[in-house]
$ cat input.txt   # compact mmCIF, C-alpha atoms (C1' of nucleotides)
# COMPACT_ATOMS: atom_id res chain seq x y z
CA MET A 1 -12.50 19.72 19.67
CA THR A 2 -13.17 22.78 21.84
CA ASN A 3 -10.60 24.40 19.66
CA VAL A 4 -12.55 23.47 16.55
CA SER A 5 -15.82 24.82 17.91
CA HIS A 6 -14.01 28.06 18.58
CA ILE A 7 -12.80 28.30 15.01
CA LEU A 8 -16.29 27.57 13.74
CA ARG A 9 -17.89 30.30 15.83
CA LYS A 10 -15.20 32.82 15.04
CA THR A 11 -15.78 32.34 11.34
CA GLY A 12 -19.53 32.81 11.66
CA HIS A 13 -20.41 29.14 11.59
CA ARG A 14 -22.64 27.26 13.99
CA LEU A 15 -21.71 24.23 16.02
CA THR A 16 -24.65 22.01 15.24
CA LYS A 17 -25.33 18.56 16.60
CA GLN A 18 -24.56 17.08 13.19
CA ARG A 19 -21.21 18.83 12.97
CA GLN A 20 -20.22 17.66 16.40
CA GLN A 21 -21.07 14.11 15.47
CA ILE A 22 -19.25 14.29 12.15
CA LEU A 23 -16.20 15.71 13.91
CA ARG A 24 -16.33 12.87 16.40
CA ALA A 25 -16.46 10.36 13.54
CA LEU A 26 -13.40 11.82 11.83
CA THR A 27 -10.11 10.11 12.37
CA CYS A 28 -6.53 10.89 11.52
CA ARG A 29 -6.83 8.25 8.80
CA PRO A 30 -8.43 9.14 5.50
CA GLN A 31 -12.07 8.04 5.23
CA SER A 32 -14.56 8.41 2.41
CA VAL A 33 -17.92 10.11 2.92
CA GLU A 34 -19.63 6.72 2.77
CA GLU A 35 -17.28 5.36 5.42
CA ILE A 36 -18.00 8.29 7.68
CA LYS A 37 -21.71 7.83 7.11
CA SER A 38 -21.70 4.16 8.04
CA ALA A 39 -19.43 4.79 11.01
CA LEU A 40 -22.11 7.17 12.25
CA LEU A 41 -24.92 4.76 11.38
CA SER A 42 -23.28 2.04 13.44
CA GLN A 43 -23.78 4.40 16.39
CA ARG A 44 -27.38 4.88 15.31
CA ILE A 45 -26.67 8.40 14.14
CA ALA A 46 -28.32 9.13 10.78
CA ILE A 47 -26.98 12.17 8.95
CA ASP A 48 -27.74 12.96 5.36
CA THR A 49 -24.92 12.48 2.85
CA THR A 50 -25.31 16.05 1.65
CA THR A 51 -24.77 17.36 5.16
CA ILE A 52 -21.60 15.32 5.48
CA TYR A 53 -20.29 16.70 2.20
CA ARG A 54 -21.12 20.26 3.21
CA THR A 55 -19.61 19.89 6.66
CA LEU A 56 -16.42 18.43 5.25
CA ASP A 57 -16.15 21.19 2.65
CA CYS A 58 -16.46 23.69 5.44
CA LEU A 59 -13.85 21.95 7.61
CA VAL A 60 -11.46 21.69 4.67
CA LYS A 61 -11.80 25.43 4.04
CA LEU A 62 -11.06 26.13 7.70
CA GLY A 63 -7.96 23.94 7.55
CA ILE A 64 -9.30 21.45 10.06
CA VAL A 65 -9.65 18.56 7.64
CA ALA A 66 -7.60 17.47 4.64
CA LYS A 67 -9.09 16.04 1.47
CA THR A 68 -7.01 13.49 -0.42
CA ARG A 69 -7.43 11.24 -3.39
CA PHE A 70 -5.59 7.96 -3.78
CA ASN A 71 -6.28 7.49 -7.48
CA GLU A 72 -9.71 6.25 -6.51
CA HIS A 73 -13.07 7.47 -7.71
CA ASN A 74 -13.93 8.99 -4.36
CA ALA A 75 -12.19 11.47 -2.10
CA LYS A 76 -11.06 10.77 1.44
CA TYR A 77 -11.06 13.10 4.39
CA GLU A 78 -8.85 13.06 7.44
CA LEU A 79 -8.56 15.14 10.56
CA LEU A 80 -5.44 17.26 10.37
CA GLY A 81 -3.32 16.38 13.35
CA LYS A 82 -0.36 18.32 14.60
CA THR A 83 2.18 16.25 12.70
CA HIS A 84 2.62 16.45 8.98
CA HIS A 85 2.77 12.99 7.53
CA HIS A 86 2.34 10.95 4.37
CA HIS A 87 0.59 7.75 3.39
CA LEU A 88 1.48 4.23 2.42
CA VAL A 89 -1.48 2.79 0.53
CA CYS A 90 -1.69 -0.96 -0.05
CA THR A 91 -2.75 -1.63 -3.64
CA THR A 92 -4.20 -4.99 -2.64
CA CYS A 93 -6.10 -4.52 0.61
CA SER A 94 -6.39 -0.69 0.52
CA ALA A 95 -4.99 -0.36 4.01
CA VAL A 96 -3.49 3.05 4.74
CA LYS A 97 -0.49 3.58 6.97
CA ASP A 98 0.93 6.90 8.04
CA ILE A 99 4.59 7.67 7.77
CA PRO A 100 6.39 10.76 9.00
CA LEU A 101 8.85 12.03 6.42
CA ASP A 102 10.91 15.14 6.40
CA ASP A 103 10.26 16.71 3.03
CA ASP A 104 11.57 20.22 3.67
CA PHE A 105 14.40 19.22 1.44
CA LEU A 106 12.02 18.80 -1.51
CA MET A 107 10.05 21.94 -0.74
CA LYS A 108 13.22 24.00 -0.74
CA LYS A 109 14.33 22.46 -3.98
CA VAL A 110 11.03 23.35 -5.66
CA LYS A 111 11.37 26.93 -4.47
CA LYS A 112 14.85 27.12 -5.92
CA LEU A 113 13.97 25.53 -9.25
CA THR A 114 10.76 27.41 -10.02
CA ASN A 115 8.82 30.62 -9.51
CA PHE A 116 5.82 28.65 -8.32
CA HIS A 117 4.41 29.60 -4.92
CA VAL A 118 3.75 26.27 -3.20
CA GLN A 119 0.80 26.20 -0.80
CA SER A 120 0.53 22.49 -0.16
CA HIS A 121 1.64 19.15 -1.46
CA THR A 122 0.71 15.50 -1.38
CA LEU A 123 3.08 12.58 -1.21
CA GLU A 124 1.65 9.10 -1.35
CA PHE A 125 3.31 5.74 -1.70
CA PHE A 126 1.53 2.80 -3.28
CA GLY A 127 2.58 -0.79 -2.85
CA LEU A 128 2.10 -3.91 -0.78
CA CYS A 129 1.69 -3.93 2.96
CA LYS A 130 3.33 -6.54 5.19
CA HIS A 131 0.37 -8.92 4.90
CA CYS A 132 -0.15 -8.66 1.17
CA GLN A 133 3.43 -9.22 0.05
CA MET B 134 5.10 3.92 -30.56
CA THR B 135 6.36 0.84 -32.38
CA ASN B 136 7.40 -0.26 -28.96
CA VAL B 137 3.88 0.23 -27.65
CA SER B 138 2.29 -1.71 -30.50
CA HIS B 139 4.67 -4.54 -29.67
CA ILE B 140 3.60 -4.56 -26.05
CA LEU B 141 -0.05 -4.54 -27.08
CA ARG B 142 0.33 -7.51 -29.42
CA LYS B 143 2.45 -9.48 -26.99
CA THR B 144 -0.25 -9.17 -24.36
CA GLY B 145 -2.99 -10.35 -26.70
CA HIS B 146 -4.33 -6.93 -27.54
CA ARG B 147 -5.02 -5.48 -30.96
CA LEU B 148 -3.57 -2.31 -32.40
CA THR B 149 -6.73 -0.69 -33.69
CA LYS B 150 -7.04 2.59 -35.54
CA GLN B 151 -8.66 4.15 -32.47
CA ARG B 152 -5.85 3.07 -30.17
CA GLN B 153 -3.24 4.46 -32.50
CA GLN B 154 -5.05 7.77 -32.60
CA ILE B 155 -5.52 7.91 -28.86
CA LEU B 156 -1.84 7.13 -28.38
CA ARG B 157 -0.96 9.94 -30.77
CA ALA B 158 -3.17 12.34 -28.78
CA LEU B 159 -1.51 11.47 -25.49
CA THR B 160 1.12 13.84 -24.18
CA CYS B 161 3.58 13.77 -21.34
CA ARG B 162 1.29 16.25 -19.57
CA PRO B 163 -1.76 14.98 -17.73
CA GLN B 164 -4.99 15.34 -19.72
CA SER B 165 -8.56 14.44 -18.85
CA VAL B 166 -10.62 12.12 -21.03
CA GLU B 167 -12.62 15.11 -22.26
CA GLU B 168 -9.43 16.95 -23.17
CA ILE B 169 -8.18 13.96 -25.12
CA LYS B 170 -11.53 13.68 -26.85
CA SER B 171 -11.59 17.30 -27.97
CA ALA B 172 -7.94 17.18 -29.00
CA LEU B 173 -8.94 14.33 -31.31
CA LEU B 174 -12.07 16.12 -32.46
CA SER B 175 -10.03 19.16 -33.48
CA GLN B 176 -8.29 16.80 -35.88
CA ARG B 177 -11.68 15.60 -37.08
CA ILE B 178 -11.24 12.26 -35.35
CA ALA B 179 -14.37 11.18 -33.51
CA ILE B 180 -13.87 8.44 -30.93
CA ASP B 181 -16.47 7.47 -28.36
CA THR B 182 -15.78 8.45 -24.76
CA THR B 183 -16.20 4.85 -23.65
CA THR B 184 -13.50 3.73 -26.05
CA ILE B 185 -11.12 6.35 -24.71
CA TYR B 186 -11.76 5.17 -21.16
CA ARG B 187 -11.25 1.56 -22.09
CA THR B 188 -8.10 2.25 -24.07
CA LEU B 189 -6.62 4.29 -21.23
CA ASP B 190 -7.46 1.59 -18.69
CA CYS B 191 -5.66 -0.87 -20.88
CA LEU B 192 -2.61 1.38 -21.31
CA VAL B 193 -2.46 2.05 -17.59
CA LYS B 194 -2.47 -1.69 -16.88
CA LEU B 195 0.37 -2.16 -19.35
CA GLY B 196 2.38 0.58 -17.67
CA ILE B 197 2.35 2.81 -20.75
CA VAL B 198 0.17 5.53 -19.26
CA ALA B 199 -0.14 6.97 -15.76
CA LYS B 200 -3.43 7.97 -14.20
CA THR B 201 -3.36 10.83 -11.70
CA ARG B 202 -5.87 12.82 -9.72
CA PHE B 203 -5.25 16.36 -8.59
CA ASN B 204 -8.05 16.57 -6.03
CA GLU B 205 -10.42 17.12 -8.93
CA HIS B 206 -13.51 15.17 -9.84
CA ASN B 207 -11.93 13.77 -13.00
CA ALA B 208 -8.79 11.75 -13.57
CA LYS B 209 -5.93 12.77 -15.82
CA TYR B 210 -3.79 10.55 -17.99
CA GLU B 211 -0.26 11.10 -19.20
CA LEU B 212 2.15 9.16 -21.34
CA LEU B 213 4.90 7.73 -19.21
CA GLY B 214 8.11 9.16 -20.55
CA LYS B 215 11.58 8.02 -19.74
CA THR B 216 12.13 10.63 -17.06
CA HIS B 217 10.44 10.40 -13.70
CA HIS B 218 9.00 13.77 -12.71
CA HIS B 219 6.42 15.46 -10.52
CA HIS B 220 3.79 18.14 -10.93
CA LEU B 221 3.19 21.69 -9.88
CA VAL B 222 -0.54 22.34 -10.07
CA CYS B 223 -1.86 25.90 -9.99
CA THR B 224 -4.87 26.08 -7.70
CA THR B 225 -6.21 29.08 -9.59
CA CYS B 226 -5.79 28.43 -13.30
CA SER B 227 -5.21 24.64 -13.09
CA ALA B 228 -2.05 24.85 -15.17
CA VAL B 229 0.29 21.91 -14.67
CA LYS B 230 4.05 22.21 -14.80
CA ASP B 231 6.50 19.34 -14.62
CA ILE B 232 9.43 19.39 -12.29
CA PRO B 233 12.23 16.84 -12.08
CA LEU B 234 13.03 16.00 -8.50
CA ASP B 235 15.35 13.42 -7.11
CA ASP B 236 13.31 11.54 -4.57
CA ASP B 237 15.46 8.45 -4.16
CA PHE B 238 16.24 9.89 -0.79
CA LEU B 239 12.61 9.58 0.30
CA MET B 240 12.14 6.16 -1.25
CA LYS B 241 15.12 4.83 0.67
CA LYS B 242 13.84 6.35 3.87
CA VAL B 243 10.48 4.65 3.46
CA LYS B 244 12.18 1.33 2.90
CA LYS B 245 14.19 1.78 6.05
CA LEU B 246 11.28 2.91 8.20
CA THR B 247 8.71 0.32 7.18
CA ASN B 248 8.17 -3.17 5.87
CA PHE B 249 5.98 -1.84 3.08
CA HIS B 250 6.99 -2.84 -0.45
CA VAL B 251 6.68 0.39 -2.46
CA GLN B 252 5.67 -0.04 -6.09
CA SER B 253 5.01 3.57 -7.02
CA HIS B 254 4.41 6.96 -5.53
CA THR B 255 2.92 10.33 -6.37
CA LEU B 256 4.24 13.70 -5.38
CA GLU B 257 2.24 16.75 -6.33
CA PHE B 258 2.66 20.36 -5.35
CA PHE B 259 -0.31 22.75 -5.26
CA GLY B 260 -0.02 26.49 -5.27
CA LEU B 261 0.10 29.55 -7.48
CA CYS B 262 1.88 29.73 -10.80
CA LYS B 263 3.86 32.77 -11.90
CA HIS B 264 0.82 34.42 -13.50
CA CYS B 265 -1.66 33.80 -10.69
CA GLN B 266 0.44 35.04 -7.79
C1' DT C 267 -36.94 33.71 28.53
C1' DG C 268 -38.75 34.53 24.01
C1' DA C 269 -38.70 36.64 19.61
C1' DC C 270 -35.54 37.31 15.65
C1' DT C 271 -32.09 36.48 12.27
C1' DT C 272 -29.92 33.57 9.39
C1' DA C 273 -26.82 29.39 9.02
C1' DT C 274 -27.77 24.71 8.48
C1' DT C 275 -30.35 20.53 7.51
C1' DG C 276 -32.75 16.98 4.69
C1' DC C 277 -34.97 15.81 0.73
C1' DA C 278 -35.38 15.56 -4.17
C1' DA C 279 -33.66 16.41 -8.37
C1' DC C 280 -29.54 17.21 -11.10
C1' DT C 281 -24.85 17.15 -13.10
C1' DG C 282 -20.61 15.10 -14.50
C1' DA C 283 -17.47 11.17 -14.49
C1' DT C 284 -17.08 6.52 -15.26
C1' DT C 285 -18.90 1.73 -16.07
C1' DT C 286 -21.62 -2.00 -18.09
C1' DG C 287 -24.34 -4.77 -21.53
C1' DC C 288 -24.74 -5.93 -26.04
C1' DA C 289 -24.99 -6.23 -30.94
C1' DA C 290 -22.15 -4.80 -34.82
C1' DT C 291 -17.46 -4.33 -36.47
C1' DA C 292 -12.74 -5.16 -37.53
C1' DA C 293 -7.82 -7.17 -36.25
C1' DT C 294 -5.38 -11.13 -36.24
C1' DT C 295 -4.86 -16.21 -37.31
C1' DC C 296 -4.77 -20.00 -40.33
C1' DG D 297 -10.62 -15.26 -47.69
C1' DA D 298 -13.08 -17.44 -43.75
C1' DA D 299 -13.04 -18.03 -38.77
C1' DT D 300 -12.18 -16.36 -34.23
C1' DT D 301 -12.57 -13.10 -30.90
C1' DA D 302 -10.95 -8.47 -29.15
C1' DT D 303 -12.75 -4.05 -29.75
C1' DT D 304 -16.01 -0.47 -30.86
C1' DG D 305 -20.12 2.58 -30.31
C1' DC D 306 -24.41 3.29 -28.53
C1' DA D 307 -27.74 3.38 -24.83
C1' DA D 308 -28.58 2.82 -20.26
C1' DA D 309 -26.94 2.45 -15.63
C1' DT D 310 -24.13 3.69 -11.72
C1' DC D 311 -21.49 6.40 -8.66
C1' DA D 312 -19.65 10.71 -6.61
C1' DG D 313 -20.72 15.08 -5.65
C1' DT D 314 -23.71 19.48 -6.14
C1' DT D 315 -27.73 22.56 -6.09
C1' DG D 316 -32.41 24.51 -4.90
C1' DC D 317 -35.54 25.07 -1.51
C1' DA D 318 -38.65 24.87 2.33
C1' DA D 319 -38.36 23.53 7.17
C1' DT D 320 -35.49 23.65 11.23
C1' DA D 321 -32.53 25.16 14.83
C1' DA D 322 -28.21 27.82 16.59
C1' DG D 323 -26.76 32.01 18.19
C1' DT D 324 -28.10 36.95 19.42
C1' DC D 325 -30.13 40.38 21.93
C1' DA D 326 -33.80 42.93 24.18
$ encode --input "input.txt" --output "structure tokens"
Amino acid sequence: MTNVSHILRKTGHRLTKQRQQILRALTCRPQSVEEIKSALLSQRIAIDTTTIYRTLDCLVKLGIVAKTRFNEHNAKYELLGKTHHHHLVCTTCSAVKDIPLDDDFLMKKVKKLTNFHVQSHTLEFFGLCKHCQ
Amino acid sequence: MTNVSHILRKTGHRLTKQRQQILRALTCRPQSVEEIKSALLSQRIAIDTTTIYRTLDCLVKLGIVAKTRFNEHNAKYELLGKTHHHHLVCTTCSAVKDIPLDDDFLMKKVKKLTNFHVQSHTLEFFGLCKHCQ
DNA sequence: TGACTTATTGCAACTGATTTGCAATAATTC
DNA sequence: GAATTATTGCAAATCAGTTGCAATAAGTCA
């Protein structure tokens, strides 16, 4: 967190109360803006939706947060941890599980096969979790 | 196509003129609803946006079409061909390129590591295409 | 500390994507 | 060809996300 406030300041941003609270509400699991908002509300913290969007945009640009879409109408945001991982999304109960996978293999293959300069990638698995099978 | 009309009938659906035209407009590259609509319009075929949405929903449910999202506000739809492939999406010009990748390796690993029953997956690469580098 | 600069907030209004309700239409069935 | 009912097109609604702007507050510096 201290790290994050450093990055914010360095890039000419301000560490406001709202940003601190939004950062505290972020998890390493993907959450929608509405989920973040109600998580904050349950702690009696009311922050405008617009502010949450703008804060997340900012954090995504700074590489602190990742934005993902699971073929749903809304985007999800998750705190970028140290470890690169992927998601298992249950198509029935929408539960999300992380899974660490070594995908260097694929990245290298893409580099070999194309002249595309890869900056990032997403790898998501959809199916049934233990409970929903 | 004949195959598709068979599937439609078998599942209690009707092969309308609109559906035939939408099917003809579909490609193996992901297109948005608006793109499909203007592709049809350029052939002087006017189909309501709602109808396109409903037709695509139907085709997705029948496994004929795949719906993807590339971290954009709108969804893209592509005809499911025989060959499983992935996408390279240019973050500058939005061009999409297909790439065949053997990911059995990853699928097997997921099966080993978890008790999740995988039904499908998405693997997308984002970066710069040849022209935008 | 207190004044100053300017990034950030909250509200309202807006845009764009997608969905829903419903009456009119047209594909299949018999 | 008539009957049944899935499908269409239109209008209106909803949902996610964005934009404009005046009021506020974080960081800066004397």
$ residues_around --input "input.txt" --residues "segment 238-242 of chain B" --least-positions-apart "2" --cutoff "9 Å" --atoms "all atoms listed in the file" --output "list in words"
Leu101, Asp102, Asp103 and Phe125 of chain A; Asp235, Asp236, Lys244, Lys245, Leu246, Thr247, Val251 and His254 of chain B
$ interface_residues --input "input.txt" --of "chain D" --to "chain A" --cutoff "9 Å" --atoms "only C-alpha atoms (C1' of nucleotides)" --output "list in words"
DC311, DA312, DG313, DT314, DA321, DA322 and DG323 of chain D
$ residues_around --input "input.txt" --residues "Thr11 of chain A" --least-positions-apart "6" --cutoff "12 Å" --atoms "all atoms listed in the file" --output "PyMOL selection string"
(chain A and resi 4-5+58-59+61-62) or (chain C and resi 273)
$ interface_residues --input "input.txt" --of "chain A" --to "chain B" --cutoff "7 Å" --atoms "only C-alpha atoms" --output "list in words"
Thr68, Arg69, Asn71, Asn115, Phe116, His117, Val118, Gln119, Ser120, His121, Thr122, Leu123, Glu124, Phe125, Phe126, Gly127, Leu128, Cys129 and Lys130 of chain A
$ interface_residues --input "input.txt" --of "chain C" --to "chain B" --cutoff "8 Å" --atoms "all atoms listed in the file" --output "list in words"
DA283, DA293 and DT294 of chain C
$ write_last_selection --input "input.txt" --atoms "C-alpha atoms (C1' of nucleotides)" --output "compact mmCIF listing (two decimals), in the coordinates of the input"
# COMPACT_ATOMS: atom_id res chain seq x y z
C1' DA C 283 -17.47 11.17 -14.49
C1' DA C 293 -7.82 -7.17 -36.25
C1' DT C 294 -5.38 -11.13 -36.24
$ atom_distance --input "input.txt" --atom1 "atom CA of Ala228 of chain B" --atom2 "atom CA of Cys161 of chain B"
13.9 Å
$ closest_residue --input "input.txt" --among "D:DA308, D:DC317, D:DG297, D:DA302" --to "DG287 of chain C" --atoms "only C-alpha atoms (C1' of nucleotides)"
D:DA308
$ axis_aligned_box --input "input.txt" --around "segment 151-167 of chain B" --padding-each-side "4 Å" --output "AutoDock Vina command-line options"
--center_x -4.5 --center_y 9.7 --center_z -25.2 --size_x 24.2 --size_y 21.2 --size_z 22.9
$ residues_around --input "input.txt" --residues "DT304 of chain D" --least-positions-apart "4" --cutoff "9 Å" --atoms "all atoms listed in the file" --output "PDB file with C-alpha atoms (C1' of nucleotides), in the frame of the given file"
ATOM      1  CA  GLN B 151      -8.660   4.150 -32.470  1.00  0.00           C
ATOM      2  CA  ASP B 181     -16.470   7.470 -28.360  1.00  0.00           C
ATOM      3  CA  THR B 183     -16.200   4.850 -23.650  1.00  0.00           C
ATOM      4  CA  THR B 184     -13.500   3.730 -26.050  1.00  0.00           C
TER       5      THR B 184
ATOM      6  C1'  DA C 290     -22.150  -4.800 -34.820  1.00  0.00           C
ATOM      7  C1'  DT C 291     -17.460  -4.330 -36.470  1.00  0.00           C
ATOM      8  C1'  DA C 292     -12.740  -5.160 -37.530  1.00  0.00           C
TER       9       DA C 292
END
$ atom_distance --input "input.txt" --atom1 "atom CA of His86 of chain A" --atom2 "atom CA of Asp104 of chain A"
13.1 Å
$ atom_distance --input "input.txt" --atom1 "atom C1' of DA326 of chain D" --atom2 "atom CA of Ile7 of chain A"
27.2 Å
$ decode --input "input.txt" --residues "segment 135-158 of chain B" --atoms "N, CA and C atoms" --output "mmCIF file, in the first residue's frame"
data_model
loop_
_atom_site.group_PDB
_atom_site.id
_atom_site.type_symbol
_atom_site.label_atom_id
_atom_site.label_comp_id
_atom_site.auth_asym_id
_atom_site.auth_seq_id
_atom_site.Cartn_x
_atom_site.Cartn_y
_atom_site.Cartn_z
ATOM 1 N N THR B 135 -26.227 -25.708 -44.346
ATOM 2 C CA THR B 135 -27.301 -26.705 -44.306
ATOM 3 C C THR B 135 -27.289 -27.377 -42.949
ATOM 4 N N ASN B 136 -26.120 -27.605 -42.474
ATOM 5 C CA ASN B 136 -25.919 -28.187 -41.168
ATOM 6 C C ASN B 136 -26.582 -27.321 -40.101
ATOM 7 N N VAL B 137 -26.324 -26.021 -40.189
ATOM 8 C CA VAL B 137 -26.864 -25.087 -39.206
ATOM 9 C C VAL B 137 -28.388 -25.077 -39.262
ATOM 10 N N SER B 138 -28.956 -25.061 -40.443
ATOM 11 C CA SER B 138 -30.414 -25.025 -40.552
ATOM 12 C C SER B 138 -31.020 -26.290 -39.929
ATOM 13 N N HIS B 139 -30.305 -27.378 -40.054
ATOM 14 C CA HIS B 139 -30.719 -28.626 -39.431
ATOM 15 C C HIS B 139 -30.785 -28.492 -37.922
ATOM 16 N N ILE B 140 -29.707 -27.949 -37.388
ATOM 17 C CA ILE B 140 -29.633 -27.773 -35.927
ATOM 18 C C ILE B 140 -30.767 -26.885 -35.459
ATOM 19 N N LEU B 141 -31.005 -25.794 -36.193
ATOM 20 C CA LEU B 141 -32.071 -24.869 -35.819
ATOM 21 C C LEU B 141 -33.420 -25.600 -35.774
ATOM 22 N N ARG B 142 -33.743 -26.292 -36.824
ATOM 23 C CA ARG B 142 -35.035 -26.985 -36.894
ATOM 24 C C ARG B 142 -35.167 -28.024 -35.793
ATOM 25 N N LYS B 143 -34.116 -28.793 -35.616
ATOM 26 C CA LYS B 143 -34.139 -29.858 -34.600
ATOM 27 C C LYS B 143 -34.441 -29.317 -33.220
ATOM 28 N N THR B 144 -33.981 -28.081 -32.967
ATOM 29 C CA THR B 144 -34.154 -27.505 -31.637
ATOM 30 C C THR B 144 -35.402 -26.621 -31.566
ATOM 31 N N GLY B 145 -36.288 -26.797 -32.532
ATOM 32 C CA GLY B 145 -37.551 -26.069 -32.495
ATOM 33 C C GLY B 145 -37.471 -24.632 -32.942
ATOM 34 N N HIS B 146 -36.393 -24.281 -33.639
ATOM 35 C CA HIS B 146 -36.268 -22.923 -34.143
ATOM 36 C C HIS B 146 -36.634 -22.882 -35.613
ATOM 37 N N ARG B 147 -36.844 -21.652 -36.111
ATOM 38 C CA ARG B 147 -37.214 -21.512 -37.516
ATOM 39 C C ARG B 147 -36.097 -20.854 -38.300
ATOM 40 N N LEU B 148 -35.925 -21.310 -39.533
ATOM 41 C CA LEU B 148 -34.879 -20.737 -40.371
ATOM 42 C C LEU B 148 -35.468 -19.586 -41.170
ATOM 43 N N THR B 149 -35.461 -18.426 -40.567
ATOM 44 C CA THR B 149 -36.055 -17.259 -41.232
ATOM 45 C C THR B 149 -35.067 -16.631 -42.206
ATOM 46 N N LYS B 150 -35.609 -15.752 -43.037
ATOM 47 C CA LYS B 150 -34.784 -15.027 -44.003
ATOM 48 C C LYS B 150 -33.686 -14.260 -43.266
ATOM 49 N N GLN B 151 -34.088 -13.575 -42.183
ATOM 50 C CA GLN B 151 -33.134 -12.779 -41.414
ATOM 51 C C GLN B 151 -31.993 -13.641 -40.878
ATOM 52 N N ARG B 152 -32.341 -14.786 -40.330
ATOM 53 C CA ARG B 152 -31.305 -15.655 -39.767
ATOM 54 C C ARG B 152 -30.348 -16.135 -40.835
ATOM 55 N N GLN B 153 -30.877 -16.452 -41.985
ATOM 56 C CA GLN B 153 -30.005 -16.890 -43.080
ATOM 57 C C GLN B 153 -29.038 -15.786 -43.456
ATOM 58 N N GLN B 154 -29.557 -14.554 -43.500
ATOM 59 C CA GLN B 154 -28.708 -13.433 -43.888
ATOM 60 C C GLN B 154 -27.671 -13.113 -42.828
ATOM 61 N N ILE B 155 -28.076 -13.206 -41.580
ATOM 62 C CA ILE B 155 -27.121 -12.959 -40.497
ATOM 63 C C ILE B 155 -26.037 -14.031 -40.524
ATOM 64 N N LEU B 156 -26.431 -15.269 -40.734
ATOM 65 C CA LEU B 156 -25.458 -16.359 -40.815
ATOM 66 C C LEU B 156 -24.476 -16.124 -41.957
ATOM 67 N N ARG B 157 -24.988 -15.610 -43.074
ATOM 68 C CA ARG B 157 -24.121 -15.353 -44.221
ATOM 69 C C ARG B 157 -23.140 -14.226 -43.915
ATOM 70 N N ALA B 158 -23.576 -13.281 -43.072
ATOM 71 C CA ALA B 158 -22.714 -12.137 -42.739
ATOM 72 C C ALA B 158 -21.642 -12.496 -41.715
#
